[in-house]
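**Student:** Structure file structure_23.txt, compact mmCIF, C-alpha atoms, is pasted below:
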```txt
# COMPACT_ATOMS: atom_id res chain seq x y z
CA MET A 1 -5.81 12.23 11.82
CA ALA A 2 -2.50 11.42 10.21
CA THR A 3 -3.36 13.36 7.09
CA ASP A 4 -2.23 16.70 8.52
CA ASP A 5 1.20 15.31 9.19
CA ASP A 6 1.36 13.93 5.69
CA LEU A 7 0.92 17.32 4.13
CA THR A 8 4.49 18.48 4.37
CA ALA A 9 6.23 20.80 1.97
CA GLU A 10 7.79 17.78 0.30
CA ASP A 11 4.47 16.35 -0.73
CA PRO A 12 3.69 16.44 -4.44
CA LEU A 13 0.37 18.05 -3.54
CA GLY A 14 0.04 20.98 -1.18
CA VAL A 15 -3.35 21.41 0.50
CA ASP A 16 -4.20 24.54 2.45
CA VAL A 17 -7.62 25.24 3.96
CA GLN A 18 -9.01 28.63 4.89
CA ARG A 19 -12.43 29.25 6.38
CA SER A 20 -14.25 32.53 6.74
CA ASN A 21 -17.87 33.71 6.77
CA GLY A 22 -19.27 30.27 6.12
CA ALA A 23 -17.04 29.67 3.13
CA SER A 24 -14.18 27.18 2.88
CA VAL A 25 -11.37 27.59 0.40
CA ILE A 26 -9.09 24.64 -0.26
CA ARG A 27 -6.00 25.79 -2.09
CA LEU A 28 -4.24 23.03 -4.01
CA ALA A 29 -0.74 23.15 -5.42
CA GLY A 30 1.01 20.37 -7.29
CA GLU A 31 -0.13 17.08 -8.73
CA ILE A 32 -3.46 15.32 -8.14
CA ASP A 33 -2.98 11.66 -8.99
CA MET A 34 -3.51 8.22 -7.50
CA LEU A 35 -0.82 8.98 -4.93
CA THR A 36 -2.17 12.26 -3.63
CA THR A 37 -5.92 11.80 -4.11
CA PRO A 38 -6.62 9.86 -0.86
CA ALA A 39 -5.32 12.63 1.40
CA LEU A 40 -7.16 15.23 -0.67
CA ARG A 41 -10.38 13.22 -0.48
CA ALA A 42 -10.10 13.21 3.32
CA LYS A 43 -9.67 17.00 3.33
CA VAL A 44 -12.55 17.64 0.97
CA ASN A 45 -14.86 15.35 2.94
CA GLU A 46 -13.83 17.04 6.18
CA GLU A 47 -14.76 20.44 4.75
CA LEU A 48 -18.04 19.18 3.30
CA GLN A 49 -18.99 17.74 6.69
CA GLY A 50 -18.60 21.23 8.16
CA LYS A 51 -21.40 22.29 5.79
CA PRO A 52 -20.05 25.61 4.58
CA THR A 53 -22.36 27.55 2.28
CA VAL A 54 -19.60 27.60 -0.32
CA LEU A 55 -16.66 25.25 -0.85
CA VAL A 56 -14.06 26.64 -3.24
CA LEU A 57 -11.37 24.41 -4.70
CA ASP A 58 -8.59 26.72 -5.81
CA MET A 59 -6.80 24.72 -8.52
CA LEU A 60 -4.80 27.55 -10.09
CA SER A 61 -1.52 25.97 -8.98
CA VAL A 62 -2.42 22.40 -9.91
CA GLU A 63 0.08 21.00 -12.39
CA PHE A 64 -1.49 17.63 -13.08
CA LEU A 65 -5.00 16.22 -12.75
CA GLY A 66 -5.34 12.47 -13.29
CA SER A 67 -8.44 10.33 -13.49
CA SER A 68 -8.42 9.66 -9.74
CA GLY A 69 -8.56 13.42 -9.23
CA LEU A 70 -11.38 13.77 -11.75
CA ALA A 71 -13.28 11.01 -9.97
CA LEU A 72 -12.77 12.83 -6.67
CA LEU A 73 -14.17 16.05 -8.16
CA VAL A 74 -17.28 14.22 -9.35
CA GLU A 75 -17.71 12.60 -5.92
CA ALA A 76 -17.28 15.95 -4.22
CA LEU A 77 -19.90 17.46 -6.51
CA ASP A 78 -22.41 14.73 -5.64
CA GLU A 79 -21.68 15.06 -1.94
CA SER A 80 -21.87 18.86 -2.03
CA ARG A 81 -25.34 18.63 -3.57
CA ASN A 82 -26.42 16.17 -0.88
CA ARG A 83 -25.28 18.61 1.76
CA ASP A 84 -26.50 21.76 0.10
CA VAL A 85 -23.01 23.16 -0.29
CA ALA A 86 -22.13 25.22 -3.37
CA LEU A 87 -18.99 23.65 -4.84
CA ARG A 88 -16.98 26.01 -7.03
CA LEU A 89 -13.75 25.34 -8.87
CA VAL A 90 -11.13 27.94 -9.61
CA ALA A 91 -9.17 26.93 -12.67
CA ASN A 92 -7.91 28.72 -15.73
CA SER A 93 -4.95 26.71 -16.95
CA ARG A 94 -4.49 23.71 -19.18
CA PRO A 95 -3.43 21.15 -16.52
CA VAL A 96 -6.94 21.36 -15.06
CA SER A 97 -9.11 22.69 -17.88
CA ARG A 98 -7.95 20.17 -20.49
CA PRO A 99 -8.71 17.03 -18.41
CA LEU A 100 -12.16 18.42 -17.55
CA GLN A 101 -12.81 19.32 -21.17
CA ALA A 102 -11.44 16.11 -22.68
CA THR A 103 -13.61 13.99 -20.41
CA GLY A 104 -16.71 16.09 -20.94
CA LEU A 105 -16.92 17.16 -17.29
CA THR A 106 -16.52 20.91 -17.75
CA ASP A 107 -20.24 21.63 -17.88
CA LEU A 108 -20.90 19.79 -14.61
CA PHE A 109 -18.88 22.25 -12.58
CA SER A 110 -19.10 25.92 -11.71
CA LEU A 111 -15.76 27.26 -12.91
CA TYR A 112 -14.30 30.62 -11.92
CA PRO A 113 -11.10 32.41 -12.94
CA SER A 114 -10.19 33.53 -9.41
CA VAL A 115 -10.96 32.77 -5.77
CA GLU A 116 -12.52 36.22 -5.40
CA ALA A 117 -14.88 35.55 -8.27
CA ALA A 118 -15.74 32.12 -6.85
CA LEU A 119 -16.54 33.54 -3.42
CA ALA A 120 -18.66 36.26 -4.97
CA GLY A 121 -20.50 33.60 -6.97
CA MET B 1 29.25 -28.73 -9.63
CA GLN B 2 26.33 -26.91 -10.99
CA THR B 3 22.77 -27.62 -10.38
CA PRO B 4 20.10 -26.20 -12.64
CA GLU B 5 18.92 -22.94 -11.21
CA PRO B 6 15.26 -22.13 -10.98
CA GLN B 7 15.58 -19.06 -13.13
CA GLN B 8 13.34 -20.25 -15.84
CA ARG B 9 10.30 -18.87 -14.16
CA ASP B 10 11.61 -15.35 -14.55
CA ARG B 11 12.81 -15.88 -18.06
CA SER B 12 9.90 -17.81 -19.34
CA SER B 13 8.03 -14.71 -20.39
CA THR B 14 10.69 -13.83 -22.94
CA ALA B 15 10.35 -17.26 -24.46
CA THR B 16 6.60 -17.17 -24.53
CA ASP B 17 4.90 -15.91 -27.61
CA PRO B 18 1.98 -13.79 -26.44
CA GLY B 19 0.27 -14.34 -29.72
CA ASP B 20 0.84 -10.89 -31.18
CA GLY B 21 3.80 -12.05 -33.22
CA SER B 22 6.29 -9.84 -31.39
CA GLY B 23 7.74 -12.31 -28.92
CA GLY B 24 7.12 -11.88 -25.20
CA LEU B 25 5.49 -8.78 -23.86
CA ALA B 26 8.33 -8.27 -21.36
CA GLU B 27 10.88 -7.53 -24.09
CA THR B 28 9.12 -5.37 -26.61
CA PRO B 29 11.72 -3.35 -28.46
CA THR B 30 10.99 0.37 -28.82
CA PRO B 31 13.31 3.37 -29.36
CA VAL B 32 12.63 4.62 -25.84
CA GLU B 33 11.87 2.50 -22.82
CA VAL B 34 11.47 3.46 -19.19
CA ARG B 35 11.82 0.78 -16.54
CA VAL B 36 10.98 1.54 -12.92
CA HIS B 37 9.93 -0.42 -9.88
CA ALA B 38 6.20 -0.97 -10.04
CA ASP B 39 5.66 1.69 -7.40
CA PRO B 40 2.98 4.40 -7.60
CA ALA B 41 5.56 6.96 -6.46
CA LEU B 42 7.47 6.50 -9.74
CA ILE B 43 4.51 6.99 -12.08
CA PRO B 44 5.00 10.80 -12.17
CA SER B 45 8.43 10.22 -13.73
CA VAL B 46 7.02 7.90 -16.39
CA ARG B 47 4.21 10.28 -17.36
CA ALA B 48 6.74 13.13 -17.50
CA VAL B 49 8.77 11.18 -20.05
CA ALA B 50 5.62 10.61 -22.10
CA ALA B 51 4.81 14.32 -22.09
CA ASP B 52 8.38 15.26 -22.98
CA LEU B 53 8.46 12.88 -25.95
CA ALA B 54 5.11 14.18 -27.19
CA ALA B 55 6.24 17.80 -26.89
CA ARG B 56 9.43 17.03 -28.81
CA ALA B 57 7.37 15.27 -31.48
CA ASP B 58 5.45 18.52 -32.01
CA PHE B 59 2.22 17.35 -30.44
CA ASP B 60 -0.14 20.23 -29.76
CA LEU B 61 -0.45 21.19 -26.10
CA ASP B 62 -3.81 19.51 -25.61
CA ALA B 63 -2.48 16.29 -27.12
CA VAL B 64 0.58 16.45 -24.84
CA SER B 65 -1.73 16.85 -21.85
CA ASP B 66 -3.92 13.98 -23.05
CA LEU B 67 -0.98 11.62 -23.50
CA ARG B 68 0.43 12.50 -20.08
CA MET B 69 -2.94 11.68 -18.52
CA ALA B 70 -3.43 8.51 -20.55
CA VAL B 71 0.00 7.15 -19.62
CA ASP B 72 -0.67 8.06 -15.99
CA GLU B 73 -3.93 6.16 -16.16
CA ALA B 74 -2.38 3.10 -17.83
CA CYS B 75 0.41 2.97 -15.23
CA SER B 76 -2.03 3.56 -12.38
CA ALA B 77 -4.15 0.66 -13.57
CA LEU B 78 -1.20 -1.70 -14.03
CA VAL B 79 0.98 -1.01 -11.00
CA PRO B 80 -1.47 -2.40 -8.41
CA LEU B 81 -1.60 -5.64 -10.44
CA ALA B 82 2.18 -6.08 -10.61
CA ARG B 83 3.85 -9.06 -9.06
CA GLU B 84 5.69 -8.27 -5.82
CA GLY B 85 9.01 -6.65 -6.66
CA GLY B 86 8.13 -6.40 -10.36
CA GLN B 87 9.05 -3.72 -12.87
CA LEU B 88 6.80 -1.32 -14.70
CA ARG B 89 8.07 -1.06 -18.27
CA CYS B 90 6.84 1.58 -20.68
CA GLY B 91 8.07 1.63 -24.25
CA PHE B 92 7.52 4.58 -26.60
CA ALA B 93 7.66 4.61 -30.39
CA MET B 94 7.24 7.83 -32.37
CA ALA B 95 6.35 7.53 -36.04
CA ASP B 96 4.05 9.01 -38.67
CA GLY B 97 2.75 11.78 -36.47
CA ARG B 98 1.76 9.52 -33.61
CA ILE B 99 3.14 7.93 -30.47
CA ASP B 100 2.57 4.33 -29.52
CA VAL B 101 3.02 3.43 -25.87
CA ILE B 102 3.24 -0.06 -24.46
CA CYS B 103 3.10 -0.22 -20.68
CA ARG B 104 3.27 -3.55 -18.91
CA VAL B 105 3.96 -5.23 -15.58
CA PRO B 106 4.76 -8.81 -14.59
CA VAL B 107 1.77 -10.51 -13.04
CA ALA B 108 1.22 -13.63 -11.01
CA GLY B 109 -1.90 -15.70 -11.29
CA GLU B 110 -5.12 -14.24 -12.57
CA ALA B 111 -4.52 -10.54 -12.77
CA ALA B 112 -7.07 -8.86 -14.98
CA LEU B 113 -7.53 -5.28 -16.05
CA ARG B 114 -11.00 -3.99 -15.46
CA GLN B 115 -12.40 -2.04 -18.36
CA ASP B 116 -15.63 -0.96 -16.69
CA THR B 117 -13.94 1.72 -14.58
CA PHE B 118 -14.03 5.49 -14.82
CA GLY B 119 -10.26 5.39 -15.33
CA TRP B 120 -10.50 3.14 -18.38
CA ARG B 121 -13.19 5.36 -19.86
CA VAL B 122 -10.91 8.36 -19.39
CA LEU B 123 -8.05 6.46 -20.99
CA THR B 124 -10.03 5.53 -24.09
CA THR B 125 -11.40 9.06 -24.36
CA LEU B 126 -7.92 10.58 -24.30
CA THR B 127 -6.31 8.29 -26.85
CA ASP B 128 -6.98 7.27 -30.43
CA ASP B 129 -6.66 3.62 -29.53
CA ALA B 130 -6.29 1.66 -26.30
CA GLN B 131 -5.92 -2.10 -26.08
CA VAL B 132 -5.32 -4.51 -23.22
CA LEU B 133 -2.41 -6.87 -23.91
CA ASP B 134 -3.21 -10.05 -22.04
CA ALA B 135 -1.92 -12.80 -24.30
CA ASP B 136 1.29 -13.27 -22.31
CA PRO B 137 0.52 -15.26 -19.14
CA ASP B 138 3.36 -13.59 -17.21
CA TRP B 139 2.90 -9.98 -18.26
CA LEU B 140 -0.11 -7.74 -18.52
CA GLY B 141 -0.01 -4.59 -20.58
CA ILE B 142 -1.81 -1.71 -22.24
CA HIS B 143 -1.09 -0.41 -25.73
CA LEU B 144 -1.99 3.24 -26.32
CA ARG B 145 -1.88 5.19 -29.53
CA LYS B 146 -2.06 8.96 -29.70
CA GLN B 147 -2.03 11.08 -32.87
CA ARG B 148 -0.16 14.36 -32.91
CA LEU B 149 -3.25 16.36 -33.77
CA ASN B 150 -6.51 15.97 -31.95
CA PRO B 151 -9.30 15.26 -34.38
```
Mind turning this structure into structure tokens?
**Tutor:**
Amino acid sequence: MATDDDLTAEDPLGVDVQRSNGASVIRLAGEIDMLTTPALRAKVNEELQGKPTVLVLDMLSVEFLGSSGLALLVEALDESRNRDVALRLVANSRPVSRPLQATGLTDLFSLYPSVEAALAG
Amino acid sequence: MQTPEPQQRDRSSTATDPGDGSGGLAETPTPVEVRVHADPALIPSVRAVAADLAARADFDLDAVSDLRMAVDEACSALVPLAREGGQLRCGFAMADGRIDVICRVPVAGEAALRQDTFGWRVLTTLTDDAQVLDADPDWLGIHLRKQRLNP
């Protein structure tokens, strides 16, 4: 319950959730590292438990993605499959695309250039 | 009147040869060194220094990103193992189109770095070489090497 209070403007990672028509969009801004991953994990799990048809992670404004963040993405992918949720990532810049590429994870995920494209599938 | 002070415990690491021929791991001379409290909140500053040095050394953008991530991973692995109140020290040496990074923390007792984790796999994937430095009983470290150009 404390996670909402933790997500102040001063946090290195901003997390904003929007839900409509059975789709959840989590917009992330800032740095995803060992410090910020736990609160993000709680958010992602909360959304997955709501069983939306589509869960979009908007990572366009993410400036850093560390291994804890990569691990979280892989977990979220597993969990989304268990729950029959389509997990889609929005990413088009190096801070996200390079870590995914360098670790060979790119092909695991459905990547889109914009939230609109991700929602349209 | 002076009594001997129990400072030797703190200093002993500098007098201990870790077996790599460079003296103690605590004092490993490099042109650039960052010392911060071993606190996860300070890791972003350390990885920013790594990225800045790589960019100034003409690393390509992917290699800069890789080094930033690798240093983040090394620090993230070491900080939880640091002795209470200890320092995270990261030294950087740029030469011959590569950067060597030595990150280390003071440890108490049997701190060991696990190398069967996802994080370690990421770290070795992102660098040209990654070694655990565990010869010094008082300090535990990671040596990373990254070439300017990705193969």
**Student:** Nearest residue to A:Met59 out of A:Asp11, A:Glu47, A:Asp16, A:Glu79, using only C-alpha atoms?
**Tutor:**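 Going through A:Asp11, A:Glu47, A:Asp16, A:Glu79 one by one, the smallest distance to A:Met59 is for A:Asp16.
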**Student:** Using only C-alpha atoms and a distance of at most 10 Å, pull out the residues of chain B that contact chain A, as a short mmCIF file (atom, residue, chain, number, x, y, z; two decimals) with C-alpha atoms, in the frame of the given file.
**Tutor:**
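Contents of result_30.cif, as written:
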```cif
data_model
loop_
_atom_site.label_atom_id
_atom_site.label_comp_id
_atom_site.auth_asym_id
_atom_site.auth_seq_id
_atom_site.Cartn_x
_atom_site.Cartn_y
_atom_site.Cartn_z
CA PRO B 40 2.98 4.40 -7.60
CA ALA B 41 5.56 6.96 -6.46
CA LEU B 42 7.47 6.50 -9.74
CA ILE B 43 4.51 6.99 -12.08
CA PRO B 44 5.00 10.80 -12.17
CA LEU B 61 -0.45 21.19 -26.10
CA ASP B 62 -3.81 19.51 -25.61
CA ALA B 63 -2.48 16.29 -27.12
CA SER B 65 -1.73 16.85 -21.85
CA ASP B 66 -3.92 13.98 -23.05
CA ARG B 68 0.43 12.50 -20.08
CA MET B 69 -2.94 11.68 -18.52
CA ALA B 70 -3.43 8.51 -20.55
CA VAL B 71 0.00 7.15 -19.62
CA ASP B 72 -0.67 8.06 -15.99
CA GLU B 73 -3.93 6.16 -16.16
CA SER B 76 -2.03 3.56 -12.38
CA ALA B 77 -4.15 0.66 -13.57
CA PHE B 118 -14.03 5.49 -14.82
CA GLY B 119 -10.26 5.39 -15.33
CA TRP B 120 -10.50 3.14 -18.38
CA ARG B 121 -13.19 5.36 -19.86
CA VAL B 122 -10.91 8.36 -19.39
CA LEU B 123 -8.05 6.46 -20.99
CA THR B 124 -10.03 5.53 -24.09
CA THR B 125 -11.40 9.06 -24.36
CA LEU B 126 -7.92 10.58 -24.30
#
```
**Student:** Do a neighbour search on B:Glu33 at 12 Å with only C-alpha atoms, toss out local chain neighbours closer than 6 positions, and write the hits as a list in words.
**Tutor:**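 In the requested format, the answer is Ala26, Glu27, Val46, Val49, Ala50, Leu53, Leu88, Arg89, Cys90, Gly91, Phe92, Ala93, Met94, Asp100, Val101, Ile102, Cys103 and Arg104 of chain B.
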**Student:** Using only C-alpha atoms for the distances, tell me which of B:Val79, B:Ala130, B:Ala112, B:Leu144 is nearest to B:Val36.
**Tutor:**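 Closest to B:Val36 of all the choices is B:Val79.
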**Student:** Just the residues within 7 Å of A:Pro113, please, counting only C-alpha atoms, with nothing from its chain fewer than 5 positions along; format it as number ranges by chain.
**Tutor:** A: 90-92
**Student:** Can you work out which one of A:Leu13, A:Leu60, A:Asp78, A:Asp84 has the shortest atom-to-atom distance to A:Leu111, counting all atoms listed in the file?
**Tutor:** A:Leu60
**Student:** What's the separation between atom CA of A:Glu46 and atom CA of A:Ser114, in Å to one decimal place?
**Tutor:**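 Separation of atom CA of A:Glu46 and atom CA of A:Ser114: 23.0 Å.
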